[in-house]
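Asker: Got a structure for you, written out below as structure tokens; questions coming shortly.
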Amino acid sequence: MSIKSTLLILLEEFRDTLARLTSLVPRTAAFPDAPNKIKVAIGMRRTGKTYFLYQYIQQLLEQNVAPTRILYLNLEDDRLLPINADKLAERIEAFYALYPENHTHKCYLFLDEIQQVEGWANVIRRLHDTKNIELFLTGSSAKLLSKEIATALRGRSLATEIWPYSFAEYQRAQNISIDTSLLGKRTRDQLTQLFQQYLKEGGFPEITTYAPEVRQQTLQDYVDVVIYRDIIERHTISNTALIKYMLLTMLRNVSSPFSINKFYNDVKSQGYKVSKTVLYDYTDYLEDAFLVFSVPLYSESLRKIQANPKKIYAIDTGILNSLSLEFTNNLGKLFENCIYLELRRQGYTVFYYLTEERYEIDFLIQSKHGKKKLLQVAWNTEDPQTLEREQRALNQAQKELNIPGEIITLESYLEKGLEPL
């Protein structure tokens, strides 16, 4: 089949798919309003990057942009594989050949999972520099995209991270609307029950209507696909059992420090032959694929930062529950993970902090404008000793750093969310 024939089939299927999408859940994330920049959406597989593109395409159609000026390609479609930079360029030229009038019109190209194309950056740079075009890319690898953006696309692109649903998006996906203008006992109980359900199920868009056993299996499958396609295949890892064990160990210790040295001693005692350098590489791969995230200690001393382990958080609380029974009743850790994800959605740089007396502050956040704030996360503050312990640590940290702080409780979060700096 010719390139043009294949492209016509793909375009027709895409338009049929778009016509069937009658109720997309509006995402809080948005591409920046910067017509001369390449827009890149990055995030883990199945977080909704494709539907994020669809949402934007629908907006273009509502603005009377002709469908023939829009090209969407899923670069993991088997009919396009194997694909390299030359073949990608051929398909885009075929699009212009199908609609010659597009040479004199502004066009919109949406390329999904661009990291599948080796050498993609050269093609994208040429298109951006030579054609009247707006380019939208998605990718499931933070490091691959950021590395290439920093070199071949320097100054030409802006990235937007796509995360699983926030609690507000989760409510919209469930068609649930709770009036919070008057937070009485009934409303608080409804919100608390729904939020606990959200912590249990997580925020991956596809699973919001699934039965529990199907949801669990689906989330486990997500992890398997990421491990095999975005880590093992890409980095040609032979010791698959070890990297899966490392991931499970990290997830079971979520919201706690994770020490490579301790893990190295653990796997060594089990008979694994591996170096610490390889384990550091594995950590990078897992974070690069958006499965887990590491939070460093905040300190002016580089030596102190390197001497202390990083805290670990997961891409989604539903994945935590699908892979381990340890979080069934540990709502405190799930809540802290949820707050971490919300901080990342809002674009903060996140650290943790240890006071001089080794009291731990869950988060020290810094905005893009350099403003800082300390946050303690407390699920249950009914116990006076718990609240006193959290406040004592916060007071000490505020005194040492001269940075304002706040305790985030379930009640405060459900009432007002996270107030921006």
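Letters A, B, ... go to the chains of the structure tokens in the order shown; residues in each chain start at 1; ligands are counted from 1 in the same order.
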DSSP on the backbone, helix (DSSP H, G or I) only: what residues of segment 255-294 of chain A does that give? Format it as a PyMOL selection string.
Answerer: chain A and resi 260-269+276-288
Asker: Residues within 12 Å of Ser259 of chain A, please, as a list in words. Count only C-alpha atoms; anything in the same chain fewer than 3 positions from it doesn't count.
Answerer: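 Listing them by chain and then by number gives Met246, Thr249, Met250, Asn253, Ser256, Lys262, Phe263, Tyr264, Asn265, Asp266, Lys276, Leu279, Tyr280, Thr283, Ser294, Pro296, Gln306, Ala307, Asn308, Pro309, Lys310, Lys311 and Ile312 of chain A.
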Asker: Dump as JSON lines the rows for residues of segment 227-252 of chain A within 12 Å of segment 134-153 of chain A: closest atom pair and distance in Å with one decimal, only C-alpha atoms counted, ordered by chain and rising residue number.
Answerer:
{"residue": "A:Ile227", "atom": "CA", "partner": "A:Ser140", "partner_atom": "CA", "distance": 11.9}
{"residue": "A:Arg229", "atom": "CA", "partner": "A:Ser140", "partner_atom": "CA", "distance": 10.3}
{"residue": "A:Asp230", "atom": "CA", "partner": "A:Ser141", "partner_atom": "CA", "distance": 7.5}
{"residue": "A:Ile231", "atom": "CA", "partner": "A:Ser141", "partner_atom": "CA", "distance": 9.6}
{"residue": "A:Arg234", "atom": "CA", "partner": "A:Ser141", "partner_atom": "CA", "distance": 10.4}
{"residue": "A:His235", "atom": "CA", "partner": "A:Leu144", "partner_atom": "CA", "distance": 11.7}
Asker: Limited to N, CA and C atoms, could you put the picked residues into a file as a PDB file, in the first residue's frame?
Answerer:
ATOM      1  N   ILE A 227       7.602  -0.937  32.002  1.00  0.00           N
ATOM      2  CA  ILE A 227       8.863  -1.600  32.330  1.00  0.00           C
ATOM      3  C   ILE A 227       9.489  -2.231  31.082  1.00  0.00           C
ATOM      4  N   ARG A 229       8.595  -1.823  27.670  1.00  0.00           N
ATOM      5  CA  ARG A 229       8.767  -1.030  26.448  1.00  0.00           C
ATOM      6  C   ARG A 229       9.620   0.206  26.667  1.00  0.00           C
ATOM      7  N   ASP A 230       9.438   0.881  27.804  1.00  0.00           N
ATOM      8  CA  ASP A 230      10.140   2.150  28.014  1.00  0.00           C
ATOM      9  C   ASP A 230      11.442   1.993  28.794  1.00  0.00           C
ATOM     10  N   ILE A 231      11.656   0.820  29.364  1.00  0.00           N
ATOM     11  CA  ILE A 231      12.883   0.641  30.147  1.00  0.00           C
ATOM     12  C   ILE A 231      13.710  -0.533  29.619  1.00  0.00           C
ATOM     13  N   ARG A 234      14.258  -0.301  25.689  1.00  0.00           N
ATOM     14  CA  ARG A 234      15.008   0.895  25.305  1.00  0.00           C
ATOM     15  C   ARG A 234      16.442   0.838  25.783  1.00  0.00           C
ATOM     16  N   HIS A 235      16.648   0.312  26.983  1.00  0.00           N
ATOM     17  CA  HIS A 235      17.989   0.309  27.566  1.00  0.00           C
ATOM     18  C   HIS A 235      18.639  -1.069  27.514  1.00  0.00           C
TER      19      HIS A 235
END
Asker: At most 8 Å is the cut-off: for each residue in segment 288-370 of chain A with any atom that close to an atom of segment 210-222 of chain A, write down the nearest atom pair and the distance in Å rounded to one decimal, counting only C-alpha atoms, chain first then increasing number, as a tab-separated table.
Answerer:
residue	atom	partner	partner_atom	distance
A:Gly318	CA	A:Leu219	CA	7.5
A:Ile319	CA	A:Leu219	CA	5.8
A:Ser322	CA	A:Gln216	CA	5.0
A:Leu323	CA	A:Gln220	CA	6.8
Asker: Please identify all polymer residues within 12 Å of Ser5 of chain A, counting only C-alpha atoms, omitting same-chain residues fewer than 3 positions from it, and present them as a count of residues only.
Answerer: 13
